[in-house]
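This is upload03.json (JSON, C-alpha atoms).
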```json
[["chain", "number", "residue", "atom", "x", "y", "z"],
["A", 1, "MET", "CA", -95.33, -70.45, -52.45],
["A", 2, "SER", "CA", -95.46, -67.27, -50.37],
["A", 3, "THR", "CA", -98.40, -64.90, -50.80],
["A", 4, "GLN", "CA", -96.44, -62.00, -49.29],
["A", 5, "LYS", "CA", -96.36, -58.91, -51.43],
["A", 6, "LYS", "CA", -92.83, -57.93, -52.38],
["A", 7, "THR", "CA", -91.89, -54.32, -51.78],
["A", 8, "THR", "CA", -89.98, -52.82, -54.65],
["A", 9, "ARG", "CA", -87.25, -50.28, -54.20],
["A", 10, "ARG", "CA", -89.49, -47.62, -55.75],
["A", 11, "VAL", "CA", -92.35, -48.28, -53.29],
["A", 12, "PHE", "CA", -89.87, -48.36, -50.40],
["A", 13, "MET", "CA", -88.43, -44.94, -51.38],
["A", 14, "ILE", "CA", -91.90, -43.40, -51.74],
["A", 15, "GLN", "CA", -92.95, -44.76, -48.33],
["A", 16, "ASN", "CA", -89.81, -43.33, -46.73],
["A", 17, "ALA", "CA", -90.35, -39.93, -48.35],
["A", 18, "VAL", "CA", -93.93, -39.79, -47.07],
["A", 19, "ALA", "CA", -92.93, -40.92, -43.58],
["A", 20, "SER", "CA", -90.13, -38.32, -43.45],
["A", 21, "ALA", "CA", -92.48, -35.56, -44.53],
["A", 22, "VAL", "CA", -94.99, -36.51, -41.82],
["A", 23, "VAL", "CA", -92.28, -36.50, -39.15],
["A", 24, "LEU", "CA", -90.94, -33.12, -40.29],
["A", 25, "MET", "CA", -94.43, -31.60, -40.27],
["A", 26, "ALA", "CA", -95.04, -32.91, -36.74],
["A", 27, "VAL", "CA", -91.73, -31.48, -35.49],
["A", 28, "ASP", "CA", -92.44, -28.14, -37.17],
["A", 29, "ALA", "CA", -95.96, -27.99, -35.71],
["A", 30, "SER", "CA", -94.78, -28.73, -32.19],
["A", 31, "ALA", "CA", -91.99, -26.16, -32.40],
["A", 32, "GLN", "CA", -94.53, -23.45, -33.16],
["A", 33, "SER", "CA", -96.32, -23.50, -29.82],
["A", 34, "MET", "CA", -95.29, -20.86, -27.29],
["A", 35, "VAL", "CA", -94.70, -21.80, -23.69],
["A", 36, "SER", "CA", -97.34, -20.32, -21.42],
["A", 37, "GLU", "CA", -96.46, -18.51, -18.20],
["A", 38, "SER", "CA", -99.06, -20.73, -16.52],
["A", 39, "ASP", "CA", -97.39, -23.94, -17.73],
["A", 40, "PRO", "CA", -96.37, -25.82, -14.55],
["A", 41, "GLN", "CA", -92.68, -26.02, -15.51],
["A", 42, "ALA", "CA", -92.62, -22.38, -16.64],
["A", 43, "ALA", "CA", -94.32, -21.23, -13.44],
["A", 44, "ALA", "CA", -91.85, -23.21, -11.33],
["A", 45, "LEU", "CA", -88.97, -21.43, -13.09],
["A", 46, "GLY", "CA", -90.63, -18.01, -12.87],
["A", 47, "TYR", "CA", -90.86, -17.69, -16.68],
["A", 48, "VAL", "CA", -92.33, -14.44, -17.96],
["A", 49, "ALA", "CA", -92.66, -13.38, -21.60],
["A", 50, "ASP", "CA", -91.34, -9.91, -20.71],
["A", 51, "THR", "CA", -88.17, -9.62, -18.64],
["A", 52, "ASN", "CA", -89.39, -6.28, -17.27],
["A", 53, "LYS", "CA", -92.22, -8.09, -15.46],
["A", 54, "VAL", "CA", -90.05, -10.40, -13.32],
["A", 55, "ASN", "CA", -91.08, -10.58, -9.68],
["A", 56, "LYS", "CA", -88.03, -8.87, -8.17],
["A", 57, "SER", "CA", -88.82, -9.95, -4.61],
["A", 58, "LYS", "CA", -88.94, -13.60, -5.70],
["A", 59, "PHE", "CA", -85.91, -13.35, -8.03],
["A", 60, "PRO", "CA", -83.58, -10.70, -6.57],
["A", 61, "LYS", "CA", -80.64, -11.75, -8.78],
["A", 62, "HIS", "CA", -82.55, -10.83, -11.95],
["A", 63, "ALA", "CA", -80.98, -7.97, -13.90],
["A", 64, "ALA", "CA", -82.76, -5.80, -16.47],
["A", 65, "ASN", "CA", -80.37, -6.81, -19.26],
["A", 66, "GLN", "CA", -81.16, -10.54, -18.85],
["A", 67, "ALA", "CA", -83.47, -11.95, -21.52],
["A", 68, "CYS", "CA", -84.01, -15.26, -23.25],
["A", 69, "SER", "CA", -82.38, -13.87, -26.42],
["A", 70, "ASN", "CA", -79.00, -13.58, -24.64],
["A", 71, "CYS", "CA", -79.30, -16.81, -22.65],
["A", 72, "MET", "CA", -77.12, -19.82, -23.37],
["A", 73, "LEU", "CA", -80.22, -22.06, -23.59],
["A", 74, "TYR", "CA", -82.00, -19.92, -26.24],
["A", 75, "GLN", "CA", -82.08, -21.56, -29.68],
["A", 76, "GLY", "CA", -83.79, -18.83, -31.72],
["A", 77, "ALA", "CA", -82.20, -16.85, -34.51],
["A", 78, "ALA", "CA", -80.69, -13.46, -33.72],
["A", 79, "GLY", "CA", -83.37, -10.79, -33.98],
["A", 80, "ALA", "CA", -86.28, -13.27, -33.89],
["A", 81, "ALA", "CA", -89.23, -12.50, -31.62],
["A", 82, "ALA", "CA", -89.23, -16.08, -30.29],
["A", 83, "GLY", "CA", -87.21, -19.26, -30.42],
["A", 84, "GLY", "CA", -86.68, -22.65, -28.94],
["A", 85, "CYS", "CA", -85.26, -23.26, -25.47],
["A", 86, "GLY", "CA", -83.44, -26.25, -24.03],
["A", 87, "ILE", "CA", -85.57, -26.04, -20.89],
["A", 88, "PHE", "CA", -88.89, -26.24, -22.79],
["A", 89, "PRO", "CA", -88.41, -28.82, -25.58],
["A", 90, "GLY", "CA", -90.86, -28.51, -28.46],
["A", 91, "LYS", "CA", -91.97, -25.03, -27.40],
["A", 92, "GLN", "CA", -90.81, -21.51, -28.06],
["A", 93, "VAL", "CA", -90.05, -18.75, -25.59],
["A", 94, "ALA", "CA", -90.26, -15.02, -26.16],
["A", 95, "ALA", "CA", -86.89, -13.46, -26.99],
["A", 96, "LYS", "CA", -87.71, -10.75, -24.44],
["A", 97, "GLY", "CA", -88.68, -13.37, -21.85],
["A", 98, "TRP", "CA", -86.81, -14.58, -18.77],
["A", 99, "CYS", "CA", -86.74, -17.51, -16.32],
["A", 100, "SER", "CA", -84.63, -18.47, -13.33],
["A", 101, "ALA", "CA", -82.59, -20.91, -15.47],
["A", 102, "TYR", "CA", -81.07, -17.88, -17.25],
["A", 103, "ASN", "CA", -77.39, -18.35, -18.05],
["A", 104, "LYS", "CA", -75.63, -15.60, -20.03],
["A", 105, "LYS", "CA", -74.21, -16.57, -23.42],
["A", 106, "ALA", "CA", -70.44, -16.53, -23.58]]
```
Would you mind writing the structure in this file as structure tokens?
Amino acid sequence: MSTQKKTTRRVFMIQNAVASAVVLMAVDASAQSMVSESDPQAAALGYVADTNKVNKSKFPKHAANQACSNCMLYQGAAGAAAGGCGIFPGKQVAAKGWCSAYNKKA
């Protein structure tokens, strides 16, 4: 006879609910961190939290009206101060920020 403990449907559902909650909390926590201008990937792309502070000699194609909030890669809600970015998974960028991967939304 087997001494294995049988998992009931009720226990299985409770375990799944707890595991899902833990995963959602982890995703939410990681999405809250802002990308730093000193982050190696951000620095390589010339990311700045304020589009007005772009190094114009390094990025001559930058225009004053370019910002993360109107970039195709920006995932934040309209009017939000920050949001996700496809370039920096799990981190947020400033809506007023900019990097050299900027691509105007259609």
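Distance-wise, CA of Lys56 (chain A) and CA of Ala106 (chain A) end up 24.6 Å apart.
Counting all atoms listed in the file, the residue from A:Pro89, A:Gly83, A:Pro40, A:Gly46 that sits nearest to Cys71 (chain A) is A:Gly83.
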Worksheet, complete the sentence: From CA of Tyr102 (chain A) to CA of Leu73 (chain A) the spacing works out at 7.6 Å
Item to complete: Around the point (-98.3, -23.1, -21.4) in the file's coordinates, collect all residues with an atom within 12 Å, using all atoms listed in the file, and return them as a list of chain:residue names.
Response: A:Ser33, A:Met34, A:Val35, A:Ser36, A:Glu37, A:Ser38, A:Asp39, A:Pro40, A:Gln41, A:Ala42, A:Ala43, A:Ala44, A:Tyr47, A:Val48, A:Ala49, A:Phe88, A:Gly90, A:Lys91, A:Gln92, A:Val93
Worksheet item: Nearest to Gln75 (chain A) among A:Ser57, A:Ile87, A:Cys99, A:Leu45, with distances taken over only C-alpha atoms: which residue is it?
Response: A:Ile87
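We find CA of Lys105 (chain A) and CA of Ala67 (chain A) to be spaced 10.5 Å apart.
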Can you tell me, as an mmCIF file with C-alpha atoms, keeping the file's coordinate frame, which residues sit within 12 Å of (-77.7, -13.1, -10.2) in the file's frame, using all atoms listed in the file?
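Below is the file that was written, selection.cif:
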```
data_model
loop_
_atom_site.group_PDB
_atom_site.id
_atom_site.type_symbol
_atom_site.label_atom_id
_atom_site.label_comp_id
_atom_site.auth_asym_id
_atom_site.auth_seq_id
_atom_site.Cartn_x
_atom_site.Cartn_y
_atom_site.Cartn_z
ATOM 1 C CA LYS A 56 -88.030 -8.870 -8.170
ATOM 2 C CA PHE A 59 -85.910 -13.350 -8.030
ATOM 3 C CA PRO A 60 -83.580 -10.700 -6.570
ATOM 4 C CA LYS A 61 -80.640 -11.750 -8.780
ATOM 5 C CA HIS A 62 -82.550 -10.830 -11.950
ATOM 6 C CA ALA A 63 -80.980 -7.970 -13.900
ATOM 7 C CA ALA A 64 -82.760 -5.800 -16.470
ATOM 8 C CA ASN A 65 -80.370 -6.810 -19.260
ATOM 9 C CA GLN A 66 -81.160 -10.540 -18.850
ATOM 10 C CA CYS A 99 -86.740 -17.510 -16.320
ATOM 11 C CA SER A 100 -84.630 -18.470 -13.330
ATOM 12 C CA ALA A 101 -82.590 -20.910 -15.470
ATOM 13 C CA TYR A 102 -81.070 -17.880 -17.250
ATOM 14 C CA ASN A 103 -77.390 -18.350 -18.050
ATOM 15 C CA LYS A 104 -75.630 -15.600 -20.030
#
```
